[in-house]
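A.B. asks: Below you'll find structure24.txt; it's compact mmCIF, C-alpha atoms and all ligand atoms.
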```
# COMPACT_ATOMS: atom_id res chain seq x y z
CA MET A 1 36.58 141.28 166.90
CA GLN A 2 34.73 139.53 169.66
CA HIS A 3 31.70 139.31 167.35
CA TRP A 4 33.77 137.43 164.81
CA LEU A 5 35.07 135.06 167.44
CA ALA A 6 31.54 134.36 168.58
CA ILE A 7 30.40 133.70 165.02
CA LEU A 8 33.39 131.45 164.36
CA PHE A 9 32.66 129.57 167.56
CA LEU A 10 29.03 129.08 166.56
CA LEU A 11 30.03 127.93 163.09
CA PHE A 12 32.61 125.51 164.40
CA ASN A 13 30.26 124.27 167.07
CA GLY A 14 27.54 123.80 164.49
CA PHE A 15 29.76 121.70 162.26
CA ALA A 16 31.10 119.72 165.18
CA SER A 17 27.64 118.81 166.40
CA ALA A 18 26.04 118.03 163.01
CA LYS A 19 24.50 114.61 163.25
CA GLN A 20 25.79 112.42 160.45
CA LEU A 21 24.68 109.18 158.86
CA ALA A 22 25.48 106.90 155.96
CA LEU A 23 23.02 104.69 154.13
CA SER A 24 23.44 100.94 153.72
CA PHE A 25 21.22 98.68 151.65
CA ASP A 26 20.95 94.93 152.23
CA ASP A 27 20.11 91.84 150.20
CA GLY A 28 19.56 93.01 146.61
CA LEU A 29 16.91 91.51 144.34
CA ASP A 30 16.53 88.42 142.17
CA PRO A 31 15.27 89.48 138.72
CA GLN A 32 13.75 86.00 138.27
CA ILE A 33 11.47 86.52 141.27
CA GLU A 34 10.95 90.30 141.36
CA VAL A 35 9.85 91.53 137.93
CA GLN A 36 10.56 95.13 138.97
CA ALA A 37 14.10 94.31 140.14
CA LYS A 38 15.85 96.34 137.47
CA GLN A 39 13.57 99.34 137.96
CA ILE A 40 13.85 99.28 141.75
CA ASN A 41 17.64 99.06 141.56
CA HIS A 42 17.74 101.88 139.02
CA ASP A 43 15.41 104.16 140.99
CA ILE A 44 17.35 103.81 144.24
CA LEU A 45 20.64 104.50 142.45
CA ALA A 46 19.11 107.52 140.68
CA THR A 47 17.91 108.98 143.99
CA LEU A 48 21.35 108.49 145.55
CA TYR A 49 22.95 110.16 142.53
CA GLN A 50 20.55 113.13 142.65
CA ASN A 51 21.33 113.60 146.33
CA GLN A 52 25.08 113.08 145.88
CA ILE A 53 25.18 110.28 148.43
CA LYS A 54 27.57 107.33 148.25
CA ALA A 55 26.12 104.31 150.03
CA ILE A 56 27.11 100.71 150.62
CA LEU A 57 25.28 97.64 149.32
CA PHE A 58 25.44 94.33 151.16
CA PRO A 59 24.19 91.73 148.68
CA SER A 60 23.36 88.12 149.52
CA LEU A 61 23.86 85.55 146.74
CA SER A 62 20.69 83.56 147.40
CA LYS A 63 18.68 86.81 147.52
CA ILE A 64 19.95 87.99 144.12
CA GLY A 65 19.64 84.61 142.40
CA TYR A 66 23.43 84.25 141.96
CA GLU A 67 24.52 85.26 138.42
CA GLN A 68 21.03 86.52 137.62
CA GLY A 69 21.29 89.46 140.01
CA LEU A 70 24.99 90.12 139.80
CA ALA A 71 24.62 92.71 137.02
CA LEU A 72 22.33 94.82 139.24
CA VAL A 73 24.81 94.55 142.11
CA SER A 74 27.66 95.57 139.78
CA GLU A 75 25.87 98.83 138.91
CA TRP A 76 26.34 100.00 142.50
CA GLY A 77 30.11 99.68 142.23
CA GLN A 78 30.17 101.27 138.79
CA GLN A 79 28.35 104.30 140.21
CA GLY A 80 30.87 104.76 143.00
CA HIS A 81 29.07 102.96 145.80
CA ARG A 82 30.67 100.30 147.96
CA ILE A 83 29.78 96.63 147.85
CA GLY A 84 30.22 94.40 150.89
CA ASN A 85 29.38 90.78 151.65
CA HIS A 86 26.05 89.59 153.12
CA SER A 87 26.79 85.84 152.63
CA ASP A 88 25.29 83.31 150.25
CA LEU A 89 22.45 81.65 152.15
CA HIS A 90 21.33 84.55 154.39
CA GLN A 91 21.24 82.32 157.47
CA ASN A 92 20.40 83.36 161.00
CA LEU A 93 23.57 82.58 162.96
CA ASN A 94 21.58 82.53 166.20
CA HIS A 95 19.54 79.50 165.11
CA ASP A 96 20.65 76.21 166.66
CA ASP A 97 20.45 74.38 163.34
CA VAL A 98 22.97 76.75 161.69
CA SER A 99 26.46 75.35 162.28
CA LEU A 100 29.62 77.44 162.29
CA ALA A 101 31.14 75.38 159.45
CA ALA A 102 28.10 75.80 157.16
CA TYR A 103 27.91 79.51 157.99
CA LEU A 104 31.59 80.10 157.17
CA ASP A 105 31.12 78.30 153.83
CA SER A 106 28.25 80.65 153.03
CA MET A 107 30.36 83.69 153.96
CA GLN A 108 33.22 82.39 151.82
CA ARG A 109 30.99 81.98 148.75
CA GLY A 110 29.75 85.54 149.16
CA ASP A 111 33.33 86.73 149.39
CA SER A 112 34.34 84.81 146.23
CA TYR A 113 31.46 86.23 144.16
CA PHE A 114 31.60 89.83 145.30
CA LYS A 115 35.34 90.36 145.72
CA PRO A 116 36.02 90.79 141.95
CA LEU A 117 33.39 93.54 141.63
CA GLN A 118 34.35 97.20 141.31
CA GLY A 119 33.73 98.93 144.62
CA PHE A 120 34.07 95.81 146.76
CA VAL A 121 35.23 96.39 150.31
CA PRO A 122 35.82 93.60 152.82
CA ARG A 123 32.93 94.40 155.14
CA TYR A 124 30.50 91.75 156.34
CA ARG A 125 26.85 92.44 157.20
CA PHE A 126 25.31 89.70 159.36
CA PRO A 127 21.89 88.58 158.04
CA PHE A 128 19.19 89.65 160.53
CA LEU A 129 22.10 91.34 162.40
CA LYS A 130 22.55 88.05 164.27
CA GLU A 131 26.17 87.45 165.26
CA GLY A 132 25.95 84.12 167.08
CA ASN A 133 24.07 82.46 169.95
CA THR A 134 27.12 80.58 171.27
CA GLN A 135 30.63 81.71 172.00
CA GLN A 136 31.98 79.09 169.58
CA LYS A 137 29.93 80.49 166.67
CA ARG A 138 30.41 84.16 167.54
CA ASP A 139 34.17 83.88 168.00
CA GLY A 140 34.56 81.49 165.05
CA VAL A 141 33.06 84.04 162.69
CA ARG A 142 35.09 86.86 164.25
CA GLN A 143 38.23 84.80 163.65
CA TRP A 144 37.28 84.23 159.98
CA LEU A 145 36.66 87.96 159.53
CA ALA A 146 40.03 88.86 161.05
CA GLN A 147 41.87 86.25 158.97
CA HIS A 148 40.26 87.59 155.79
CA HIS A 149 41.06 91.20 156.73
CA TYR A 150 37.41 92.17 157.02
CA GLN A 151 36.38 95.36 158.77
CA SER A 152 33.08 96.12 160.42
CA GLY A 153 29.88 96.12 158.38
CA ALA A 154 27.77 96.86 161.45
CA VAL A 155 24.82 99.22 161.62
CA SER A 156 24.28 101.79 164.32
CA MET A 157 20.63 102.38 163.36
CA ASP A 158 18.36 99.40 162.85
CA ALA A 159 14.85 99.79 161.40
CA SER A 160 12.01 97.78 159.87
CA ASP A 161 11.84 99.05 156.29
CA TRP A 162 11.28 95.42 155.17
CA TYR A 163 7.99 95.39 157.09
CA TYR A 164 6.82 98.74 155.70
CA ASN A 165 7.73 97.37 152.28
CA GLN A 166 5.35 94.43 152.77
CA LEU A 167 2.51 96.88 153.40
CA PHE A 168 3.66 99.05 150.49
CA MET A 169 3.41 96.06 148.14
CA GLN A 170 -0.06 95.15 149.46
CA TYR A 171 -1.45 98.66 149.02
CA GLN A 172 0.18 99.03 145.64
CA THR A 173 -1.32 95.76 144.39
CA ALA A 174 -4.74 96.95 145.61
CA ASN A 175 -4.08 100.42 144.12
CA ASP A 176 -5.05 101.85 147.53
CA GLN A 177 -3.73 105.41 147.15
CA VAL A 178 -5.22 106.61 150.44
CA SER A 179 -3.37 103.96 152.44
CA LEU A 180 -0.19 104.51 150.43
CA SER A 181 -0.26 108.19 151.32
CA LYS A 182 -0.65 107.38 155.03
CA LEU A 183 2.03 104.72 154.83
CA LYS A 184 4.51 107.17 153.38
CA GLN A 185 4.08 109.46 156.39
CA ALA A 186 4.27 106.50 158.78
CA TYR A 187 7.40 105.18 157.08
CA ILE A 188 9.27 108.47 157.22
CA ALA A 189 8.22 108.95 160.86
CA HIS A 190 9.43 105.44 161.69
CA LEU A 191 12.90 106.02 160.22
CA LEU A 192 13.27 109.42 161.90
CA ASP A 193 12.13 107.89 165.19
CA ARG A 194 14.65 105.05 164.98
CA ALA A 195 17.42 107.52 164.10
CA ALA A 196 16.57 109.63 167.14
CA TYR A 197 16.34 106.54 169.35
CA TYR A 198 19.73 105.10 168.39
CA ASP A 199 21.36 108.52 168.55
CA CYS A 200 19.98 108.85 172.07
CA LEU A 201 21.40 105.42 173.00
CA ALA A 202 24.78 106.66 171.74
CA GLU A 203 24.57 109.83 173.85
CA LYS A 204 23.73 107.73 176.92
CA THR A 205 26.62 105.31 176.42
CA LEU A 206 29.36 106.98 174.34
CA GLY A 207 28.45 110.51 175.41
CA ARG A 208 28.45 111.64 171.78
CA SER A 209 26.70 111.25 168.45
CA PRO A 210 28.75 108.83 166.31
CA LYS A 211 28.86 108.65 162.54
CA HIS A 212 25.80 106.50 162.00
CA VAL A 213 25.05 103.73 159.52
CA LEU A 214 21.35 103.14 158.81
CA LEU A 215 20.01 99.76 157.68
CA LEU A 216 17.70 99.77 154.64
CA HIS A 217 16.97 97.21 151.92
CA VAL A 218 16.87 97.22 148.13
CA ARG A 219 13.07 97.18 148.02
CA ALA A 220 10.22 98.88 146.18
CA ILE A 221 9.38 101.19 149.10
CA ASN A 222 12.82 102.78 148.86
CA ALA A 223 12.64 102.99 145.08
CA ALA A 224 9.47 105.04 145.63
CA TRP A 225 10.22 107.11 148.73
CA LEU A 226 13.98 107.24 149.41
CA GLY A 227 14.11 110.82 148.12
CA ASP A 228 11.41 111.86 150.60
CA VAL A 229 13.26 110.06 153.40
CA ILE A 230 16.49 111.90 152.56
CA THR A 231 14.69 115.25 152.49
CA ALA A 232 13.02 114.58 155.85
CA PHE A 233 16.34 113.66 157.48
CA ARG A 234 18.01 116.77 156.11
CA GLN A 235 15.17 118.91 157.41
CA GLN A 236 15.79 117.46 160.88
CA GLY A 237 19.47 118.44 160.74
CA TRP A 238 20.97 115.14 159.62
CA GLN A 239 23.91 115.28 157.24
CA PHE A 240 24.56 112.40 154.84
CA ILE A 241 28.11 111.08 154.60
CA ASP A 242 29.70 108.30 152.56
CA SER A 243 29.84 104.84 154.08
CA ASP A 244 33.65 104.93 154.08
CA ALA A 245 33.59 108.06 156.21
CA ALA A 246 31.01 106.61 158.60
CA TYR A 247 32.97 103.44 159.19
CA GLN A 248 35.99 105.49 160.26
CA ASP A 249 34.18 106.13 163.52
CA PRO A 250 35.95 104.13 166.26
CA VAL A 251 32.61 102.82 167.53
CA TYR A 252 32.69 100.24 164.71
CA LYS A 253 35.94 98.77 166.07
CA ILE A 254 34.25 97.74 169.30
CA GLN A 255 33.62 94.01 169.77
CA LEU A 256 31.38 93.14 172.66
CA ASN A 257 31.18 90.11 174.84
CA VAL A 258 27.41 89.58 174.76
CA LEU A 259 25.34 86.50 173.90
CA PRO A 260 23.29 86.14 171.86
CA ALA A 261 25.50 88.51 169.86
CA GLY A 262 24.16 90.97 167.32
CA GLU A 263 21.67 93.81 166.70
CA SER A 264 22.92 97.38 166.21
CA ILE A 265 26.39 98.09 167.60
CA LEU A 266 24.78 100.78 169.79
CA TRP A 267 22.18 98.31 171.06
CA GLN A 268 25.00 95.93 172.06
CA ILE A 269 26.92 98.67 173.82
CA ALA A 270 23.73 99.71 175.64
CA LYS A 271 23.20 96.08 176.66
CA VAL A 272 26.68 95.97 178.23
CA TYR A 273 25.98 99.31 179.97
CA GLY A 274 22.75 97.86 181.38
CA ILE A 275 20.52 100.55 179.84
CA ASP A 276 16.87 99.97 180.75
CA GLY A 277 14.12 99.24 178.26
CA LEU A 278 16.09 97.49 175.51
CA ARG A 279 13.82 95.40 173.26
CA TYR A 280 14.83 92.01 171.88
CA PRO A 281 14.85 91.71 169.00
CA ALA A 282 15.59 95.43 168.81
CA GLU A 283 13.32 95.94 165.79
CA ASP A 284 10.39 93.88 164.53
CA ALA A 285 7.00 94.17 162.87
CA PRO A 286 4.84 94.02 166.06
CA TYR A 287 6.50 97.20 167.38
CA GLU A 288 5.16 99.11 164.37
CA GLN A 289 1.45 98.61 165.01
CA GLU A 290 1.17 101.74 167.16
CA ASN A 291 2.91 103.94 164.60
CA LEU A 292 0.68 102.61 161.83
CA ARG A 293 -2.44 103.26 163.92
CA HIS A 294 -1.18 106.77 164.62
CA PHE A 295 -1.23 107.45 160.89
CA GLY A 296 -4.69 105.94 160.48
CA LEU A 297 -3.69 102.51 159.19
CA THR A 298 -5.23 99.36 160.64
CA VAL A 299 -3.18 96.27 160.00
CA ASP A 300 -4.08 92.64 160.68
CA LYS A 301 -1.25 90.85 162.43
ZN ZN B 401 19.57 90.65 154.71
```
Would you mind writing the file's structure down as structure tokens?
C.D. replies:
Amino acid sequence: MQHWLAILFLLFNGFASAKQLALSFDDGLDPQIEVQAKQINHDILATLYQNQIKAILFPSLSKIGYEQGLALVSEWGQQGHRIGNHSDLHQNLNHDDVSLAAYLDSMQRGDSYFKPLQGFVPRYRFPFLKEGNTQQKRDGVRQWLAQHHYQSGAVSMDASDWYYNQLFMQYQTANDQVSLSKLKQAYIAHLLDRAAYYDCLAEKTLGRSPKHVLLLHVRAINAAWLGDVITAFRQQGWQFIDSDAAYQDPVYKIQLNVLPAGESILWQIAKVYGIDGLRYPAEDAPYEQENLRHFGLTVDK
């Protein structure tokens, strides 16, 4: 009897402590600019389907070329994924020359275009994860979101897949298979490292591992390697959950009083807690040089 209790306890404990994350993909692609747009979109969706993962897409109108890219965005909703709003113009709200009024217009246009799509949910993803460099802008956008019944579209795990994608495109153009093979290892290591880092920030501040949301982009690197990324995360004990389930975590209801506002929700909480060693911006290309060197890649800055 006691054996059974012990086993039950271990099982329950194992489930309770499983680290969980959802995948989110930003921007989308403009088929007029990216000739592979359709293929990239298709490959990412196929990988998600094979792995039975429901993700959330945050498209930006200017990034998808308006009507030109809307069909690719629609496919996400048709396949059971969620679609949020990532604005029209993809502006950095922390830039002085971006006014609150212009920014709200851009958010509104995104809302108008994406709202009719199957799978739309009122969640807003801030471009560059920048939520305002003044109180007027930060609180003005928060007010708009509340008035339009938006819920959080925050990330808990930030990463630089966009930068690894730049290198991926370079090596692919040069047909440099040796560098591509090294880059794949470096890319997977980078994402695992960021996941561990943000989970550690959560343990230090919340005292628990929340349901995470990882930031990725609809880019060629993920069309090629998303399946390998998913496998690597599962091997390290991560469990994939749907974006709806992830956003039920109360951590995404927290609104912090920091300026400039933005970055990962966990980064912001850590900032308020005064955790040492926080980088700003939290993620950027220069931070990746060491990881690339570790995997034998030399990159000109
Ligand atoms: Zn974006």
A.B. asks: Given all atoms listed in the file, how would the per-residue table for stretch 216-295 of chain A near stretch 128-152 of chain A read, listing every residue at most 6 Å away with its closest atom pair and distance in Å to one decimal, sorted by chain and number, as CSV?
C.D. replies:
```
residue,atom,partner,partner_atom,distance
A:Tyr252,CA,A:Ser152,CA,6.0
A:Leu259,CA,A:Asn133,CA,5.8
A:Pro260,CA,A:Asn133,CA,4.2
A:Ala261,CA,A:Glu131,CA,4.8
A:Gly262,CA,A:Lys130,CA,4.5
A:Glu263,CA,A:Leu129,CA,5.0
```
A.B. asks: Quick one: residues within 8 Å of A:Ala154, all atoms listed in the file counted, chain neighbours fewer than 5 positions away excluded, as a VMD selection string?
C.D. replies: chain A and resid 124 to 126 129 213 252 264 to 265
A.B. asks: How many Å lie between atom CA of A:Met157 and atom CA of A:Pro210, rounded to one decimal?
C.D. replies: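 These atoms are spaced 10.8 Å apart.
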A.B. asks: So that I can see what lies close to stretch 238-248 of chain A, please list as a compact mmCIF listing (two decimals) with C-alpha atoms, in the frame of the given file the residues with an atom at most 6 Å from it, counting only C-alpha atoms and leaving out residues fewer than 3 positions away in the same chain.
C.D. replies:
```
# COMPACT_ATOMS: atom_id res chain seq x y z
CA LYS A 19 24.50 114.61 163.25
CA GLN A 20 25.79 112.42 160.45
CA LEU A 21 24.68 109.18 158.86
CA ALA A 22 25.48 106.90 155.96
CA LYS A 54 27.57 107.33 148.25
CA ALA A 55 26.12 104.31 150.03
CA LYS A 211 28.86 108.65 162.54
CA PHE A 233 16.34 113.66 157.48
CA ARG A 234 18.01 116.77 156.11
```
A.B. asks: Do you know which residues are at most 9 Å from A:Ser106 counting only C-alpha atoms, after dropping those on the same chain fewer than 2 positions away, and could you put them as number ranges by chain?
C.D. replies: A: 87-91, 101-104, 108-111
A.B. asks: Using all atoms listed in the file, find each residue with an atom at most 7 Å away from ligand ZN 401 (chain B) and format the answer as a PyMOL selection string.
C.D. replies: chain A and resi 26-27+60+86+90+127-128
A.B. asks: Which value, in Å to one decimal, gives the distance between atom CA of A:Tyr66 and atom CA of A:Leu23?
C.D. replies: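 Interatomic distance here is 23.8 Å.
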A.B. asks: What lies within 9 Å of stretch 218-228 of chain A using all atoms listed in the file, ignoring chain neighbours under 2 positions off, as a PDB file with C-alpha atoms, keeping the file's coordinate frame?
C.D. replies:
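selection.pdb written:
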```
ATOM      1  CA  PHE A  25      21.220  98.680 151.650  1.00  0.00           C
ATOM      2  CA  ASP A  26      20.950  94.930 152.230  1.00  0.00           C
ATOM      3  CA  ASP A  27      20.110  91.840 150.200  1.00  0.00           C
ATOM      4  CA  GLY A  28      19.560  93.010 146.610  1.00  0.00           C
ATOM      5  CA  LEU A  29      16.910  91.510 144.340  1.00  0.00           C
ATOM      6  CA  GLN A  36      10.560  95.130 138.970  1.00  0.00           C
ATOM      7  CA  ALA A  37      14.100  94.310 140.140  1.00  0.00           C
ATOM      8  CA  GLN A  39      13.570  99.340 137.960  1.00  0.00           C
ATOM      9  CA  ILE A  40      13.850  99.280 141.750  1.00  0.00           C
ATOM     10  CA  ASN A  41      17.640  99.060 141.560  1.00  0.00           C
ATOM     11  CA  HIS A  42      17.740 101.880 139.020  1.00  0.00           C
ATOM     12  CA  ASP A  43      15.410 104.160 140.990  1.00  0.00           C
ATOM     13  CA  ILE A  44      17.350 103.810 144.240  1.00  0.00           C
ATOM     14  CA  LEU A  45      20.640 104.500 142.450  1.00  0.00           C
ATOM     15  CA  THR A  47      17.910 108.980 143.990  1.00  0.00           C
ATOM     16  CA  LEU A  48      21.350 108.490 145.550  1.00  0.00           C
ATOM     17  CA  GLN A  50      20.550 113.130 142.650  1.00  0.00           C
ATOM     18  CA  ASN A  51      21.330 113.600 146.330  1.00  0.00           C
ATOM     19  CA  LEU A  57      25.280  97.640 149.320  1.00  0.00           C
ATOM     20  CA  ASP A 161      11.840  99.050 156.290  1.00  0.00           C
ATOM     21  CA  TRP A 162      11.280  95.420 155.170  1.00  0.00           C
ATOM     22  CA  TYR A 164       6.820  98.740 155.700  1.00  0.00           C
ATOM     23  CA  ASN A 165       7.730  97.370 152.280  1.00  0.00           C
ATOM     24  CA  GLN A 166       5.350  94.430 152.770  1.00  0.00           C
ATOM     25  CA  PHE A 168       3.660  99.050 150.490  1.00  0.00           C
ATOM     26  CA  MET A 169       3.410  96.060 148.140  1.00  0.00           C
ATOM     27  CA  LYS A 184       4.510 107.170 153.380  1.00  0.00           C
ATOM     28  CA  ILE A 188       9.270 108.470 157.220  1.00  0.00           C
ATOM     29  CA  LEU A 216      17.700  99.770 154.640  1.00  0.00           C
ATOM     30  CA  ILE A 230      16.490 111.900 152.560  1.00  0.00           C
ATOM     31  CA  THR A 231      14.690 115.250 152.490  1.00  0.00           C
ATOM     32  CA  ALA A 232      13.020 114.580 155.850  1.00  0.00           C
ATOM     33  CA  PHE A 233      16.340 113.660 157.480  1.00  0.00           C
TER      34      PHE A 233
END
```
A.B. asks: As a PyMOL selection string, please: the residues near stretch 115-117 of chain A (cut-off 9 Å, all atoms listed in the file, same-chain neighbours under 5 positions excluded).
C.D. replies: chain A and resi 73-74+77-78+83-85+110+122
A.B. asks: My list of candidates is A:Lys253, A:Glu203, A:Leu278, A:Leu167. Which is closest to A:Val299 when distances are computed with all atoms listed in the file?
C.D. replies: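 Closest to A:Val299 of all the choices is A:Leu167.
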A.B. asks: Which value, in Å to one decimal, gives the distance between atom CA of A:Ile56 and atom CA of A:Asp199?
C.D. replies: 20.4 Å
A.B. asks: Step by step: start from the point (26.5, 100.1, 159.7) in the file's coordinates, keep every protein, DNA or RNA residue that has an atom no farther than 7 Å from it, count only C-alpha atoms, and write the set as a ChimeraX atom specification.
C.D. replies: /A:24,153-156,212-215
A.B. asks: Limited to C-alpha atoms, could you put the picked residues into a file as a PDB file, in the frame of the given file?
C.D. replies:
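What landed in result_3.pdb:
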```pdb
ATOM      1  CA  SER A  24      23.440 100.940 153.720  1.00  0.00           C
ATOM      2  CA  GLY A 153      29.880  96.120 158.380  1.00  0.00           C
ATOM      3  CA  ALA A 154      27.770  96.860 161.450  1.00  0.00           C
ATOM      4  CA  VAL A 155      24.820  99.220 161.620  1.00  0.00           C
ATOM      5  CA  SER A 156      24.280 101.790 164.320  1.00  0.00           C
ATOM      6  CA  HIS A 212      25.800 106.500 162.000  1.00  0.00           C
ATOM      7  CA  VAL A 213      25.050 103.730 159.520  1.00  0.00           C
ATOM      8  CA  LEU A 214      21.350 103.140 158.810  1.00  0.00           C
ATOM      9  CA  LEU A 215      20.010  99.760 157.680  1.00  0.00           C
TER      10      LEU A 215
END
```
A.B. asks: Of the candidates A:Leu180, A:Ile64, A:Val98, A:Ala71, which one gets nearest to A:Leu292 if we count all atoms listed in the file?
C.D. replies: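 Ranking A:Leu180, A:Ile64, A:Val98, A:Ala71 by distance to A:Leu292, first place goes to A:Leu180.
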A.B. asks: Please determine an axis-aligned box that encloses all atoms of stretch 69-81 of chain A listed in the file, with 4 Å added on each side, and express its centre and edge lengths in Å to one decimal as lines of an AutoDock Vina configuration file.
C.D. replies:
```
center_x = 26.1
center_y = 97.1
center_z = 141.4
size_x = 17.6
size_y = 23.3
size_z = 16.8
```
A.B. asks: Could I get stretch 97-113 of chain A from the block written out with N, CA, C and O atoms, as a short mmCIF file (atom, residue, chain, number, x, y, z; two decimals), in the first residue's frame?
C.D. replies:
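Saved result, out-v4.cif, follows:
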```
data_model
loop_
_atom_site.label_atom_id
_atom_site.label_comp_id
_atom_site.auth_asym_id
_atom_site.auth_seq_id
_atom_site.Cartn_x
_atom_site.Cartn_y
_atom_site.Cartn_z
N ASP A 97 9.96 59.37 -31.70
CA ASP A 97 9.20 59.88 -32.84
C ASP A 97 7.92 59.06 -33.11
O ASP A 97 7.23 59.31 -34.09
N VAL A 98 7.62 58.08 -32.26
CA VAL A 98 6.36 57.33 -32.39
C VAL A 98 5.37 57.88 -31.37
O VAL A 98 5.57 57.73 -30.16
N SER A 99 4.34 58.55 -31.87
CA SER A 99 3.35 59.16 -30.97
C SER A 99 2.30 58.13 -30.56
O SER A 99 2.07 57.14 -31.27
N LEU A 100 1.66 58.39 -29.43
CA LEU A 100 0.61 57.50 -28.95
C LEU A 100 -0.52 57.42 -29.97
O LEU A 100 -1.02 56.33 -30.28
N ALA A 101 -0.93 58.57 -30.53
CA ALA A 101 -2.07 58.59 -31.46
C ALA A 101 -1.78 57.74 -32.70
O ALA A 101 -2.62 56.94 -33.13
N ALA A 102 -0.58 57.91 -33.28
CA ALA A 102 -0.22 57.14 -34.48
C ALA A 102 -0.15 55.65 -34.15
O ALA A 102 -0.56 54.80 -34.95
N TYR A 103 0.37 55.34 -32.97
CA TYR A 103 0.52 53.94 -32.56
C TYR A 103 -0.85 53.28 -32.39
O TYR A 103 -1.07 52.14 -32.82
N LEU A 104 -1.78 54.00 -31.77
CA LEU A 104 -3.12 53.44 -31.56
C LEU A 104 -3.83 53.22 -32.89
O LEU A 104 -4.54 52.22 -33.07
N ASP A 105 -3.61 54.12 -33.86
CA ASP A 105 -4.18 53.94 -35.21
C ASP A 105 -3.68 52.64 -35.82
O ASP A 105 -4.43 51.89 -36.45
N SER A 106 -2.39 52.41 -35.67
CA SER A 106 -1.75 51.21 -36.22
C SER A 106 -2.29 49.94 -35.55
O SER A 106 -2.54 48.92 -36.22
N MET A 107 -2.51 50.01 -34.25
CA MET A 107 -3.11 48.87 -33.53
C MET A 107 -4.53 48.63 -34.02
O MET A 107 -4.95 47.48 -34.22
N GLN A 108 -5.26 49.73 -34.21
CA GLN A 108 -6.67 49.62 -34.63
C GLN A 108 -6.78 48.98 -36.01
O GLN A 108 -7.66 48.14 -36.24
N ARG A 109 -5.88 49.36 -36.92
CA ARG A 109 -5.92 48.76 -38.27
C ARG A 109 -5.63 47.26 -38.21
O ARG A 109 -6.25 46.46 -38.91
N GLY A 110 -4.68 46.88 -37.37
CA GLY A 110 -4.41 45.45 -37.19
C GLY A 110 -5.65 44.73 -36.69
O GLY A 110 -6.03 43.67 -37.19
N ASP A 111 -6.30 45.33 -35.71
CA ASP A 111 -7.50 44.75 -35.13
C ASP A 111 -8.59 44.57 -36.21
O ASP A 111 -9.21 43.51 -36.31
N SER A 112 -8.78 45.59 -37.04
CA SER A 112 -9.83 45.55 -38.07
C SER A 112 -9.58 44.44 -39.09
O SER A 112 -10.52 43.77 -39.53
N TYR A 113 -8.31 44.28 -39.49
CA TYR A 113 -7.97 43.26 -40.49
C TYR A 113 -8.06 41.84 -39.94
O TYR A 113 -8.50 40.92 -40.63
#
```
